[in-house]
>>> print(open('query_5.cif').read())   # mmCIF, C-alpha atoms
data_data
#
loop_
_atom_site.label_atom_id
_atom_site.label_comp_id
_atom_site.auth_asym_id
_atom_site.auth_seq_id
_atom_site.Cartn_x
_atom_site.Cartn_y
_atom_site.Cartn_z
CA MET A 1 0.00 0.00 0.00
CA SER A 2 1.25 3.48 -0.85
CA SER A 3 2.22 5.81 1.99
CA HIS A 4 0.85 8.64 -0.13
CA PRO A 5 -2.57 7.49 -1.44
CA ASN A 6 -3.48 10.84 -2.99
CA GLN A 7 -0.25 11.18 -4.92
CA ARG A 8 1.34 9.74 -8.03
CA CYS A 9 4.72 9.71 -9.69
CA MET A 10 4.97 11.58 -12.98
CA VAL A 11 7.70 11.96 -15.55
CA THR A 12 9.02 15.51 -15.28
CA GLY A 13 12.02 15.26 -17.58
CA VAL A 14 13.16 13.12 -20.51
CA GLY A 15 16.62 12.96 -22.05
CA GLY A 16 18.76 10.91 -24.37
CA TYR A 17 22.16 10.43 -25.90
CA LEU A 18 23.41 8.69 -29.03
CA PRO A 19 27.12 8.21 -29.85
CA LYS A 20 28.56 10.20 -32.74
CA THR A 21 29.65 7.22 -34.80
CA ILE A 22 26.86 6.03 -37.12
CA ILE A 23 26.97 2.73 -39.01
CA HIS A 24 24.63 2.69 -42.00
CA ASN A 25 23.27 -0.56 -43.37
CA ASP A 26 25.51 -0.58 -46.44
CA GLN A 27 28.59 -0.25 -44.23
CA LEU A 28 27.85 -3.63 -42.69
CA SER A 29 28.69 -5.26 -46.01
CA SER A 30 31.38 -2.86 -47.25
CA GLU A 31 33.32 -2.43 -43.98
CA PHE A 32 32.29 -5.39 -41.82
CA HIS A 33 32.05 -7.85 -44.77
CA LEU A 34 28.63 -9.02 -43.64
CA ASN A 35 26.58 -10.90 -46.23
CA THR A 36 23.69 -8.43 -46.38
CA ASP A 37 22.56 -5.14 -47.90
CA ASP A 38 20.43 -2.12 -47.06
CA ALA A 39 17.27 -3.41 -48.75
CA TRP A 40 17.43 -6.79 -46.97
CA ILE A 41 17.85 -5.15 -43.55
CA ARG A 42 15.13 -2.54 -44.08
CA THR A 43 12.64 -5.14 -45.27
CA ARG A 44 13.18 -7.47 -42.32
CA THR A 45 13.76 -5.01 -39.48
CA GLY A 46 12.94 -1.44 -40.52
CA ILE A 47 16.45 -0.39 -39.42
CA THR A 48 18.49 2.01 -41.56
CA GLN A 49 21.37 2.79 -39.20
CA ARG A 50 22.73 2.28 -35.70
CA HIS A 51 25.06 4.25 -33.41
CA ARG A 52 28.27 2.79 -32.01
CA ALA A 53 30.08 3.98 -28.89
CA SER A 54 33.71 4.93 -29.36
CA GLU A 55 36.45 2.71 -27.96
CA ASN A 56 36.81 4.91 -24.87
CA GLU A 57 33.09 5.62 -24.41
CA THR A 58 31.46 3.63 -21.63
CA THR A 59 27.92 2.75 -20.66
CA SER A 60 28.23 5.17 -17.74
CA ASP A 61 29.47 7.96 -20.05
CA MET A 62 26.36 7.60 -22.19
CA GLY A 63 24.16 7.31 -19.11
CA ILE A 64 25.58 10.51 -17.64
CA ALA A 65 24.97 12.36 -20.92
CA ALA A 66 21.36 11.17 -21.11
CA ALA A 67 20.84 11.99 -17.42
CA ARG A 68 22.08 15.54 -17.87
CA SER A 69 19.69 15.93 -20.79
CA ALA A 70 16.78 14.72 -18.64
CA LEU A 71 17.78 16.89 -15.69
CA HIS A 72 17.92 19.93 -17.99
CA ASP A 73 14.45 19.09 -19.29
CA ALA A 74 13.17 18.88 -15.70
CA HIS A 75 14.98 22.08 -14.63
CA MET A 76 16.89 20.12 -11.98
CA ASP A 77 20.44 19.12 -11.18
CA GLY A 78 22.09 16.05 -9.72
CA ALA A 79 21.85 17.31 -6.16
CA ASP A 80 18.03 17.06 -6.35
CA LEU A 81 18.04 13.30 -6.90
CA ASP A 82 17.07 10.76 -4.25
CA LEU A 83 17.42 7.61 -6.36
CA ILE A 84 19.36 6.55 -9.46
CA ILE A 85 18.67 3.27 -11.25
CA VAL A 86 20.62 2.28 -14.35
CA ALA A 87 18.99 -0.46 -16.41
CA THR A 88 21.69 -2.18 -18.44
CA SER A 89 22.92 -5.52 -19.71
CA THR A 90 26.31 -3.97 -20.52
CA PRO A 91 27.67 -2.38 -17.32
CA ASP A 92 31.11 -0.78 -17.26
CA GLN A 93 32.28 -3.68 -15.12
CA ALA A 94 30.90 -6.20 -12.63
CA PHE A 95 31.33 -3.73 -9.77
CA PRO A 96 31.07 -1.02 -8.67
CA SER A 97 27.69 -0.51 -10.30
CA THR A 98 27.36 1.74 -13.31
CA ALA A 99 24.77 3.71 -11.32
CA THR A 100 27.31 4.73 -8.68
CA ILE A 101 29.61 5.99 -11.44
CA VAL A 102 26.70 8.00 -12.83
CA LEU A 103 25.94 9.30 -9.34
CA ASP A 104 29.49 10.59 -8.99
CA GLY A 105 29.49 12.06 -12.49
CA LEU A 106 26.32 14.03 -11.79
CA GLY A 107 27.54 15.34 -8.45
CA SER A 108 24.73 13.67 -6.53
CA LYS A 109 25.44 13.53 -2.81
CA HIS A 110 22.68 11.55 -1.14
CA ALA A 111 20.96 9.48 -3.84
CA VAL A 112 20.66 5.70 -3.57
CA ALA A 113 22.14 4.17 -6.72
CA PHE A 114 22.13 0.67 -8.22
CA ASP A 115 21.95 -1.23 -11.51
CA MET A 116 19.18 -3.48 -12.83
CA ASN A 117 19.38 -6.15 -15.53
CA ALA A 118 16.10 -7.26 -17.06
CA ALA A 119 17.55 -7.16 -20.59
CA CYS A 120 15.39 -5.15 -23.03
CA SER A 121 12.66 -4.80 -20.38
CA GLY A 122 15.12 -3.21 -17.97
CA PHE A 123 13.93 0.38 -18.28
CA LEU A 124 10.30 -0.56 -17.66
CA PHE A 125 11.19 -2.70 -14.63
CA ALA A 126 13.43 0.08 -13.27
CA LEU A 127 10.71 2.70 -13.77
CA ILE A 128 8.27 0.71 -11.65
CA MET A 129 10.89 0.09 -8.96
CA ALA A 130 11.59 3.83 -8.83
CA GLU A 131 7.88 4.59 -8.51
CA SER A 132 7.58 2.13 -5.63
CA TYR A 133 10.58 3.64 -3.84
CA LEU A 134 9.25 7.18 -4.09
CA MET A 135 5.72 6.26 -3.08
CA GLN A 136 6.87 4.28 -0.05
CA SER A 137 9.23 6.96 1.21
CA ASN A 138 9.48 10.67 1.81
CA LYS A 139 11.72 11.03 -1.24
CA ASN A 140 10.79 13.12 -4.25
CA HIS A 141 12.91 12.55 -7.34
CA ALA A 142 14.31 9.49 -9.10
CA LEU A 143 16.50 9.21 -12.18
CA VAL A 144 15.85 6.13 -14.31
CA ILE A 145 18.35 5.43 -17.07
CA GLY A 146 18.56 2.82 -19.79
CA SER A 147 22.11 2.73 -21.15
CA GLU A 148 23.60 0.06 -23.37
CA SER A 149 26.81 -0.70 -25.27
CA MET A 150 25.22 -3.50 -27.28
CA THR A 151 27.69 -3.42 -30.18
CA ARG A 152 30.36 -4.79 -27.83
CA LEU A 153 28.30 -7.99 -27.62
CA LEU A 154 28.03 -8.49 -31.37
CA ASN A 155 29.60 -11.03 -33.65
CA TRP A 156 29.92 -8.83 -36.73
CA GLN A 157 29.91 -11.90 -38.96
CA ASP A 158 26.51 -13.08 -37.67
CA ARG A 159 23.89 -11.55 -39.96
CA SER A 160 21.04 -12.54 -37.65
CA THR A 161 22.25 -10.32 -34.80
CA ALA A 162 24.81 -7.81 -36.13
CA ILE A 163 22.14 -5.89 -38.05
CA LEU A 164 19.82 -5.50 -35.06
CA PHE A 165 21.63 -3.72 -32.26
CA GLY A 166 23.08 -0.30 -31.47
CA ASP A 167 24.41 1.78 -28.58
CA GLY A 168 22.80 4.67 -26.72
CA ALA A 169 21.16 5.89 -23.54
CA GLY A 170 17.82 7.35 -22.52
CA ALA A 171 16.70 8.73 -19.16
CA VAL A 172 13.67 10.08 -17.34
CA ILE A 173 13.17 12.02 -14.14
CA LEU A 174 10.35 10.57 -12.06
CA SER A 175 8.92 12.89 -9.41
CA ARG A 176 6.32 12.44 -6.68
CA THR A 177 3.42 14.82 -7.26
CA ALA A 178 0.16 15.80 -5.63
CA SER A 179 -1.56 15.54 -9.01
CA SER A 180 -4.00 12.63 -9.07
CA ASP A 181 -4.71 12.75 -12.80
CA ARG A 182 -1.15 12.62 -14.23
CA GLY A 183 1.70 10.17 -13.81
CA ILE A 184 1.97 6.39 -13.69
CA ILE A 185 -1.52 4.87 -13.66
CA GLY A 186 -0.70 1.18 -13.55
CA HIS A 187 1.60 -1.56 -14.74
CA CYS A 188 2.03 -5.31 -15.12
CA LEU A 189 5.40 -7.06 -15.23
CA PHE A 190 6.22 -10.70 -16.00
CA SER A 191 9.15 -13.14 -16.20
CA ASP A 192 9.42 -16.71 -17.42
CA GLY A 193 12.79 -18.41 -17.02
CA LYS A 194 11.93 -21.61 -18.81
CA ASN A 195 11.93 -19.78 -22.14
CA GLY A 196 15.42 -18.38 -21.69
CA LYS A 197 18.59 -20.43 -22.01
CA ALA A 198 16.70 -23.72 -21.96
CA LEU A 199 15.32 -23.01 -25.42
CA HIS A 200 18.31 -20.99 -26.60
CA ASP A 201 16.01 -18.17 -27.60
CA LEU A 202 18.40 -15.47 -26.50
CA TYR A 203 21.61 -16.00 -24.61
CA VAL A 204 25.23 -14.90 -24.34
CA THR A 205 27.91 -17.41 -25.27
CA THR A 206 31.06 -18.24 -23.33
CA PRO A 207 33.37 -15.20 -23.01
CA SER A 208 36.56 -15.00 -25.07
CA ALA A 209 39.51 -12.64 -25.35
CA ASP A 210 37.82 -10.75 -28.19
CA HIS A 211 34.42 -10.72 -26.46
CA PRO A 212 34.95 -10.72 -22.67
CA MET A 213 31.19 -10.41 -22.13
CA GLY A 214 30.38 -13.02 -24.75
CA VAL A 215 28.36 -12.48 -27.94
CA ILE A 216 24.63 -12.43 -28.57
CA VAL A 217 23.06 -15.49 -30.17
CA MET A 218 19.37 -15.39 -30.98
CA ASP A 219 16.64 -17.60 -32.34
CA GLY A 220 14.84 -14.77 -34.05
CA GLN A 221 11.66 -16.64 -34.95
CA ALA A 222 11.14 -17.89 -31.40
CA VAL A 223 11.71 -14.43 -29.95
CA PHE A 224 9.36 -12.89 -32.52
CA ARG A 225 6.53 -15.28 -31.69
CA GLU A 226 6.93 -14.90 -27.94
CA ALA A 227 7.30 -11.12 -28.07
CA VAL A 228 4.13 -10.58 -30.08
CA SER A 229 2.09 -12.97 -27.94
CA GLN A 230 3.23 -11.69 -24.56
CA LEU A 231 3.11 -8.00 -25.39
CA ILE A 232 -0.46 -8.31 -26.64
CA SER A 233 -1.42 -10.36 -23.58
CA SER A 234 0.15 -7.95 -21.06
CA THR A 235 -1.47 -4.98 -22.77
CA HIS A 236 -4.93 -6.54 -22.56
CA THR A 237 -4.31 -7.51 -18.93
CA LEU A 238 -3.33 -3.98 -17.92
CA LEU A 239 -6.12 -2.24 -19.83
CA ALA A 240 -8.73 -4.59 -18.36
CA GLU A 241 -7.39 -4.07 -14.85
CA LYS A 242 -7.65 -0.29 -15.24
CA SER A 243 -10.93 -0.37 -17.21
CA ILE A 244 -9.34 1.56 -20.06
CA ASP A 245 -10.14 1.02 -23.72
CA LEU A 246 -7.21 0.70 -26.13
CA ALA A 247 -8.84 3.39 -28.28
CA ASP A 248 -8.32 5.85 -25.39
CA VAL A 249 -4.53 5.42 -25.53
CA ASP A 250 -2.96 8.36 -27.36
CA TRP A 251 0.52 6.96 -27.93
CA ILE A 252 2.29 3.63 -27.61
CA ILE A 253 6.03 3.59 -26.91
CA PRO A 254 7.21 0.03 -27.43
CA HIS A 255 10.64 -1.49 -27.08
CA GLN A 256 12.29 -0.83 -30.44
CA ALA A 257 13.34 -4.37 -31.29
CA ASN A 258 12.04 -4.95 -34.79
CA LYS A 259 9.55 -3.03 -36.91
CA ARG A 260 7.90 -6.30 -37.98
CA ILE A 261 7.01 -7.07 -34.36
CA LEU A 262 5.33 -3.68 -34.02
CA ASP A 263 3.52 -4.01 -37.35
CA ARG A 264 2.23 -7.44 -36.36
CA MET A 265 0.94 -6.08 -33.04
CA CYS A 266 -0.84 -3.23 -34.79
CA THR A 267 -2.52 -5.71 -37.11
CA ASP A 268 -3.48 -8.23 -34.43
CA MET A 269 -4.76 -5.55 -32.03
CA ASN A 270 -6.32 -3.29 -34.68
CA ILE A 271 -4.12 -0.36 -33.64
CA ASP A 272 -3.63 2.71 -35.80
CA HIS A 273 0.03 2.50 -36.88
CA ARG A 274 0.40 6.22 -36.32
CA LYS A 275 -0.05 5.68 -32.56
CA MET A 276 2.90 3.28 -32.39
CA LEU A 277 5.97 5.51 -32.02
CA TYR A 278 8.98 4.09 -33.81
CA THR A 279 12.54 5.46 -33.86
CA GLY A 280 14.40 2.15 -34.13
CA ASP A 281 15.05 2.85 -37.79
CA MET A 282 17.57 5.48 -36.66
CA HIS A 283 19.22 3.73 -33.68
CA ALA A 284 18.29 0.02 -33.99
CA ASN A 285 17.68 -2.09 -30.87
CA THR A 286 19.35 -0.34 -27.94
CA SER A 287 17.88 -2.79 -25.42
CA ALA A 288 17.00 -1.03 -22.13
CA ALA A 289 17.65 2.37 -23.71
CA SER A 290 15.11 2.05 -26.51
CA ILE A 291 11.91 3.16 -24.74
CA PRO A 292 13.39 6.32 -23.15
CA LEU A 293 15.22 7.14 -26.40
CA THR A 294 11.93 7.00 -28.30
CA TRP A 295 10.27 9.07 -25.58
CA TRP A 296 13.10 11.60 -25.83
CA LYS A 297 12.64 11.93 -29.60
CA ALA A 298 8.90 12.41 -29.12
CA ARG A 299 9.63 15.08 -26.53
CA GLN A 300 11.98 16.85 -28.92
CA ASN A 301 9.37 16.79 -31.67
CA ASN A 302 6.60 17.93 -29.31
CA THR A 303 4.65 14.83 -30.31
CA ILE A 304 3.40 14.00 -26.82
CA LYS A 305 1.23 16.65 -25.21
CA PRO A 306 0.49 17.11 -21.47
CA GLY A 307 -2.43 15.00 -20.32
CA GLN A 308 -2.15 12.37 -23.04
CA LEU A 309 -2.25 8.67 -22.21
CA ILE A 310 0.90 6.70 -23.06
CA LEU A 311 1.29 2.93 -23.13
CA LEU A 312 4.81 1.59 -22.62
CA GLN A 313 5.58 -1.97 -23.75
CA ALA A 314 8.74 -4.03 -23.33
CA PHE A 315 9.97 -7.55 -24.00
CA GLY A 316 13.44 -8.92 -23.31
CA ALA A 317 15.62 -11.94 -22.74
CA GLY A 318 14.83 -14.21 -19.86
CA PHE A 319 12.06 -13.83 -20.90
CA THR A 320 10.93 -10.59 -19.24
CA TRP A 321 8.06 -8.41 -20.41
CA GLY A 322 5.37 -5.96 -19.32
CA SER A 323 3.28 -2.88 -19.95
CA CYS A 324 2.78 0.44 -18.19
CA LEU A 325 0.22 3.25 -18.52
CA VAL A 326 1.39 6.83 -17.97
CA ARG A 327 -0.54 10.08 -18.17
CA SER A 328 1.90 12.70 -19.48
#
>>> encode(input="query_5.cif", output="structure tokens")
Amino acid sequence: MSSHPNQRCMVTGVGGYLPKTIIHNDQLSSEFHLNTDDAWIRTRTGITQRHRASENETTSDMGIAAARSALHDAHMDGADLDLIIVATSTPDQAFPSTATIVLDGLGSKHAVAFDMNAACSGFLFALIMAESYLMQSNKNHALVIGSESMTRLLNWQDRSTAILFGDGAGAVILSRTASSDRGIIGHCLFSDGKNGKALHDLYVTTPSADHPMGVIVMDGQAVFREAVSQLISSTHTLLAEKSIDLADVDWIIPHQANKRILDRMCTDMNIDHRKMLYTGDMHANTSAASIPLTWWKARQNNTIKPGQLILLQAFGAGFTWGSCLVRS
């Protein structure tokens, strides 16, 4: 039970960061000698390019940049933060946590900071954990970051995965507010371990000298089927629980994994494609960073207006998945 029943947590700032280096589809064949081309990638994924962190650019560096962008949007600074959660599958190192490095980089003095790994669902899981922390305490502001260096996990000779992923970071400021009609309305989160390594749907292989964190291997068809099914199911579950009709949702911000997944969901759920925000064509699958990056782009374009209803959707390895309703 919330300690503040008449309050909610609302997003007061959104920020993002994408590395300067851009790899276009045609470069994958010309420079990385991958057996593919731009037309093949666009048709199967919707992706046209991805960003790649420089050799000396870390997950925490990108997270700090996105955090500063979000803090600026919220007219705040690091000293105002009570909590920092970094959702990532690619931390700087095993420990200390990437979040504590971000904390130091932002000049935060008293914030609690830790990492979370729920793969591509990480941002959504972290957002709900931040909401719970603020609502159960006397704290006011949380920073939730999704930051990923996914290209460091890629086998550039594997066409099934090398075309899909990119690097970047997105962040939001979540603040406790007395407003009862804006903020996070509800959520549902799920995990199912039996569909992870046991079925080899998505896993990381044994580390090597060239890939100390291993490389991504994916059964794309299995992930596609599970993602579509579970995202539709979790959306219906959440909308029914909150007695909200899908037609009343103004915008959907899904995890930017593959345009075909989103198109299939629009078809199966009879959703207007224009409601499904998509920016993955420009930054590919950035795992936990993809939802806040898309939100950031929508903020920059003034797409989302105050008071509109937003549906967040995520699906990731494990498997992990869920949905969240937010009134902007």
>>> closest_residue(input="query_5.cif", among="A:Thr43, A:Thr58, A:Ser132, A:Gln221", to="A:Ser147", atoms="all atoms listed in the file")
A:Thr58
>>> residues_around(input="query_5.cif", residues="A:Leu28", least_positions_apart="4", cutoff="9 Å", atoms="only C-alpha atoms", output="PyMOL selection string")
chain A and resi 23-24+32-38+156+162-163
>>> closest_residue(input="query_5.cif", among="A:Ser30, A:Ser179, A:Ser328, A:Thr161", to="A:Leu309", atoms="all atoms listed in the file")
A:Ser328
>>> atom_distance(input="query_5.cif", atom1="atom CA of A:Ala99", atom2="atom CA of A:Leu18")
18.4 Å
>>> resolve_selection(input="query_5.cif", expression="the PyMOL selection byres ((chain A and resi 164) around 8)", output="compact mmCIF listing (two decimals) with C-alpha atoms, in the frame of the given file")
# COMPACT_ATOMS: atom_id res chain seq x y z
CA THR A 45 13.76 -5.01 -39.48
CA ILE A 47 16.45 -0.39 -39.42
CA SER A 160 21.04 -12.54 -37.65
CA THR A 161 22.25 -10.32 -34.80
CA ALA A 162 24.81 -7.81 -36.13
CA ILE A 163 22.14 -5.89 -38.05
CA PHE A 165 21.63 -3.72 -32.26
CA GLY A 166 23.08 -0.30 -31.47
CA ALA A 257 13.34 -4.37 -31.29
CA ASN A 258 12.04 -4.95 -34.79
CA ALA A 284 18.29 0.02 -33.99
CA ASN A 285 17.68 -2.09 -30.87
>>> residues_around(input="query_5.cif", residues="A:Cys324", least_positions_apart="3", cutoff="10 Å", atoms="only C-alpha atoms", output="PyMOL selection string")
chain A and resi 124-125+127-128+184-189+234-235+238-239+252-253+310-314
>>> residues_around(input="query_5.cif", residues="A:Met76", least_positions_apart="5", cutoff="10 Å", atoms="only C-alpha atoms", output="VMD selection string")
chain A and resid 12 to 13 68 70 to 71 81 141 173
>>> write_last_selection(input="query_5.cif", atoms="C-alpha atoms", output="PDB file, keeping the file's coordinate frame")
ATOM      1  CA  THR A  12       9.020  15.510 -15.280  1.00  0.00           C
ATOM      2  CA  GLY A  13      12.020  15.260 -17.580  1.00  0.00           C
ATOM      3  CA  ARG A  68      22.080  15.540 -17.870  1.00  0.00           C
ATOM      4  CA  ALA A  70      16.780  14.720 -18.640  1.00  0.00           C
ATOM      5  CA  LEU A  71      17.780  16.890 -15.690  1.00  0.00           C
ATOM      6  CA  LEU A  81      18.040  13.300  -6.900  1.00  0.00           C
ATOM      7  CA  HIS A 141      12.910  12.550  -7.340  1.00  0.00           C
ATOM      8  CA  ILE A 173      13.170  12.020 -14.140  1.00  0.00           C
TER       9      ILE A 173
END
>>> residues_around(input="query_5.cif", residues="A:Gly105", least_positions_apart="6", cutoff="9 Å", atoms="all atoms listed in the file", output="ChimeraX atom specification")
/A:60-61,64,78
>>> residues_around(input="query_5.cif", residues="A:Asp281", least_positions_apart="2", cutoff="7 Å", atoms="only C-alpha atoms", output="VMD selection string")
chain A and resid 46 to 49 279 283 to 284
>>> atom_distance(input="query_5.cif", atom1="atom CA of A:Ile41", atom2="atom CA of A:Glu57")
26.7 Å
>>> closest_residue(input="query_5.cif", among="A:Ala288, A:Ala39, A:Leu154, A:Ala298", to="A:Val86", atoms="all atoms listed in the file")
A:Ala288
>>> atom_distance(input="query_5.cif", atom1="atom CA of A:Phe114", atom2="atom CA of A:Thr98")
7.4 Å
>>> residues_near_point(input="query_5.cif", point="(1.9, 14.1, -26.2)", cutoff="12 Å", atoms="all atoms listed in the file", output="list in words")
Val249, Asp250, Trp251, Ile252, Ile253, Lys275, Leu277, Trp295, Trp296, Lys297, Ala298, Arg299, Gln300, Asn301, Asn302, Thr303, Ile304, Lys305, Pro306, Gly307, Gln308, Leu309, Ile310, Leu311, Val326, Arg327 and Ser328 of chain A
>>> decode(input="query_5.cif", residues="stretch 19-46 of chain A", atoms="N, CA and C atoms", output="PDB file, in the first residue's frame")
ATOM      1  N   PRO A  19      25.717   7.986 -29.478  1.00  0.00           N
ATOM      2  CA  PRO A  19      27.121   8.213 -29.850  1.00  0.00           C
ATOM      3  C   PRO A  19      27.251   8.827 -31.239  1.00  0.00           C
ATOM      4  N   LYS A  20      28.371   9.494 -31.474  1.00  0.00           N
ATOM      5  CA  LYS A  20      28.565  10.205 -32.736  1.00  0.00           C
ATOM      6  C   LYS A  20      28.749   9.272 -33.925  1.00  0.00           C
ATOM      7  N   THR A  21      29.381   8.131 -33.694  1.00  0.00           N
ATOM      8  CA  THR A  21      29.649   7.222 -34.804  1.00  0.00           C
ATOM      9  C   THR A  21      28.364   6.530 -35.258  1.00  0.00           C
ATOM     10  N   ILE A  22      28.056   6.638 -36.535  1.00  0.00           N
ATOM     11  CA  ILE A  22      26.862   6.026 -37.115  1.00  0.00           C
ATOM     12  C   ILE A  22      27.302   4.975 -38.129  1.00  0.00           C
ATOM     13  N   ILE A  23      26.710   3.799 -38.047  1.00  0.00           N
ATOM     14  CA  ILE A  23      26.967   2.731 -39.013  1.00  0.00           C
ATOM     15  C   ILE A  23      25.703   2.526 -39.834  1.00  0.00           C
ATOM     16  N   HIS A  24      25.766   2.873 -41.103  1.00  0.00           N
ATOM     17  CA  HIS A  24      24.628   2.690 -41.999  1.00  0.00           C
ATOM     18  C   HIS A  24      24.583   1.241 -42.479  1.00  0.00           C
ATOM     19  N   ASN A  25      23.442   0.825 -42.954  1.00  0.00           N
ATOM     20  CA  ASN A  25      23.269  -0.561 -43.373  1.00  0.00           C
ATOM     21  C   ASN A  25      24.313  -1.016 -44.384  1.00  0.00           C
ATOM     22  N   ASP A  26      24.573  -0.182 -45.401  1.00  0.00           N
ATOM     23  CA  ASP A  26      25.513  -0.582 -46.443  1.00  0.00           C
ATOM     24  C   ASP A  26      26.930  -0.770 -45.908  1.00  0.00           C
ATOM     25  N   GLN A  27      27.259  -0.097 -44.813  1.00  0.00           N
ATOM     26  CA  GLN A  27      28.595  -0.250 -44.233  1.00  0.00           C
ATOM     27  C   GLN A  27      28.805  -1.645 -43.649  1.00  0.00           C
ATOM     28  N   LEU A  28      27.708  -2.296 -43.260  1.00  0.00           N
ATOM     29  CA  LEU A  28      27.847  -3.631 -42.685  1.00  0.00           C
ATOM     30  C   LEU A  28      28.431  -4.608 -43.701  1.00  0.00           C
ATOM     31  N   SER A  29      28.120  -4.398 -44.975  1.00  0.00           N
ATOM     32  CA  SER A  29      28.690  -5.258 -46.012  1.00  0.00           C
ATOM     33  C   SER A  29      30.033  -4.734 -46.497  1.00  0.00           C
ATOM     34  N   SER A  30      30.159  -3.421 -46.675  1.00  0.00           N
ATOM     35  CA  SER A  30      31.381  -2.855 -47.249  1.00  0.00           C
ATOM     36  C   SER A  30      32.539  -2.816 -46.259  1.00  0.00           C
ATOM     37  N   GLU A  31      32.249  -2.565 -44.970  1.00  0.00           N
ATOM     38  CA  GLU A  31      33.317  -2.427 -43.985  1.00  0.00           C
ATOM     39  C   GLU A  31      33.419  -3.616 -43.040  1.00  0.00           C
ATOM     40  N   PHE A  32      32.279  -4.263 -42.746  1.00  0.00           N
ATOM     41  CA  PHE A  32      32.291  -5.393 -41.818  1.00  0.00           C
ATOM     42  C   PHE A  32      32.189  -6.736 -42.549  1.00  0.00           C
ATOM     43  N   HIS A  33      32.075  -6.657 -43.905  1.00  0.00           N
ATOM     44  CA  HIS A  33      32.050  -7.846 -44.766  1.00  0.00           C
ATOM     45  C   HIS A  33      30.924  -8.807 -44.381  1.00  0.00           C
ATOM     46  N   LEU A  34      29.794  -8.225 -44.000  1.00  0.00           N
ATOM     47  CA  LEU A  34      28.630  -9.017 -43.643  1.00  0.00           C
ATOM     48  C   LEU A  34      27.817  -9.293 -44.905  1.00  0.00           C
ATOM     49  N   ASN A  35      27.334 -10.502 -45.049  1.00  0.00           N
ATOM     50  CA  ASN A  35      26.582 -10.898 -46.234  1.00  0.00           C
ATOM     51  C   ASN A  35      25.161 -10.362 -46.158  1.00  0.00           C
ATOM     52  N   THR A  36      24.997  -9.077 -46.451  1.00  0.00           N
ATOM     53  CA  THR A  36      23.691  -8.432 -46.379  1.00  0.00           C
ATOM     54  C   THR A  36      23.729  -7.137 -47.172  1.00  0.00           C
ATOM     55  N   ASP A  37      22.601  -6.453 -47.263  1.00  0.00           N
ATOM     56  CA  ASP A  37      22.563  -5.139 -47.898  1.00  0.00           C
ATOM     57  C   ASP A  37      21.442  -4.315 -47.280  1.00  0.00           C
ATOM     58  N   ASP A  38      21.384  -3.060 -47.653  1.00  0.00           N
ATOM     59  CA  ASP A  38      20.427  -2.123 -47.057  1.00  0.00           C
ATOM     60  C   ASP A  38      18.988  -2.582 -47.262  1.00  0.00           C
ATOM     61  N   ALA A  39      18.650  -3.011 -48.459  1.00  0.00           N
ATOM     62  CA  ALA A  39      17.272  -3.413 -48.749  1.00  0.00           C
ATOM     63  C   ALA A  39      16.857  -4.610 -47.906  1.00  0.00           C
ATOM     64  N   TRP A  40      17.739  -5.588 -47.758  1.00  0.00           N
ATOM     65  CA  TRP A  40      17.433  -6.790 -46.972  1.00  0.00           C
ATOM     66  C   TRP A  40      17.165  -6.425 -45.515  1.00  0.00           C
ATOM     67  N   ILE A  41      17.995  -5.539 -44.961  1.00  0.00           N
ATOM     68  CA  ILE A  41      17.849  -5.147 -43.550  1.00  0.00           C
ATOM     69  C   ILE A  41      16.576  -4.336 -43.343  1.00  0.00           C
ATOM     70  N   ARG A  42      16.332  -3.374 -44.220  1.00  0.00           N
ATOM     71  CA  ARG A  42      15.125  -2.540 -44.084  1.00  0.00           C
ATOM     72  C   ARG A  42      13.856  -3.388 -44.154  1.00  0.00           C
ATOM     73  N   THR A  43      13.834  -4.325 -45.090  1.00  0.00           N
ATOM     74  CA  THR A  43      12.638  -5.143 -45.274  1.00  0.00           C
ATOM     75  C   THR A  43      12.343  -5.989 -44.049  1.00  0.00           C
ATOM     76  N   ARG A  44      13.369  -6.529 -43.420  1.00  0.00           N
ATOM     77  CA  ARG A  44      13.178  -7.473 -42.322  1.00  0.00           C
ATOM     78  C   ARG A  44      13.151  -6.842 -40.941  1.00  0.00           C
ATOM     79  N   THR A  45      13.672  -5.620 -40.820  1.00  0.00           N
ATOM     80  CA  THR A  45      13.756  -5.010 -39.482  1.00  0.00           C
ATOM     81  C   THR A  45      13.256  -3.577 -39.416  1.00  0.00           C
ATOM     82  N   GLY A  46      13.269  -2.864 -40.521  1.00  0.00           N
ATOM     83  CA  GLY A  46      12.942  -1.445 -40.515  1.00  0.00           C
ATOM     84  C   GLY A  46      14.123  -0.557 -40.178  1.00  0.00           C
TER      85      GLY A  46
END
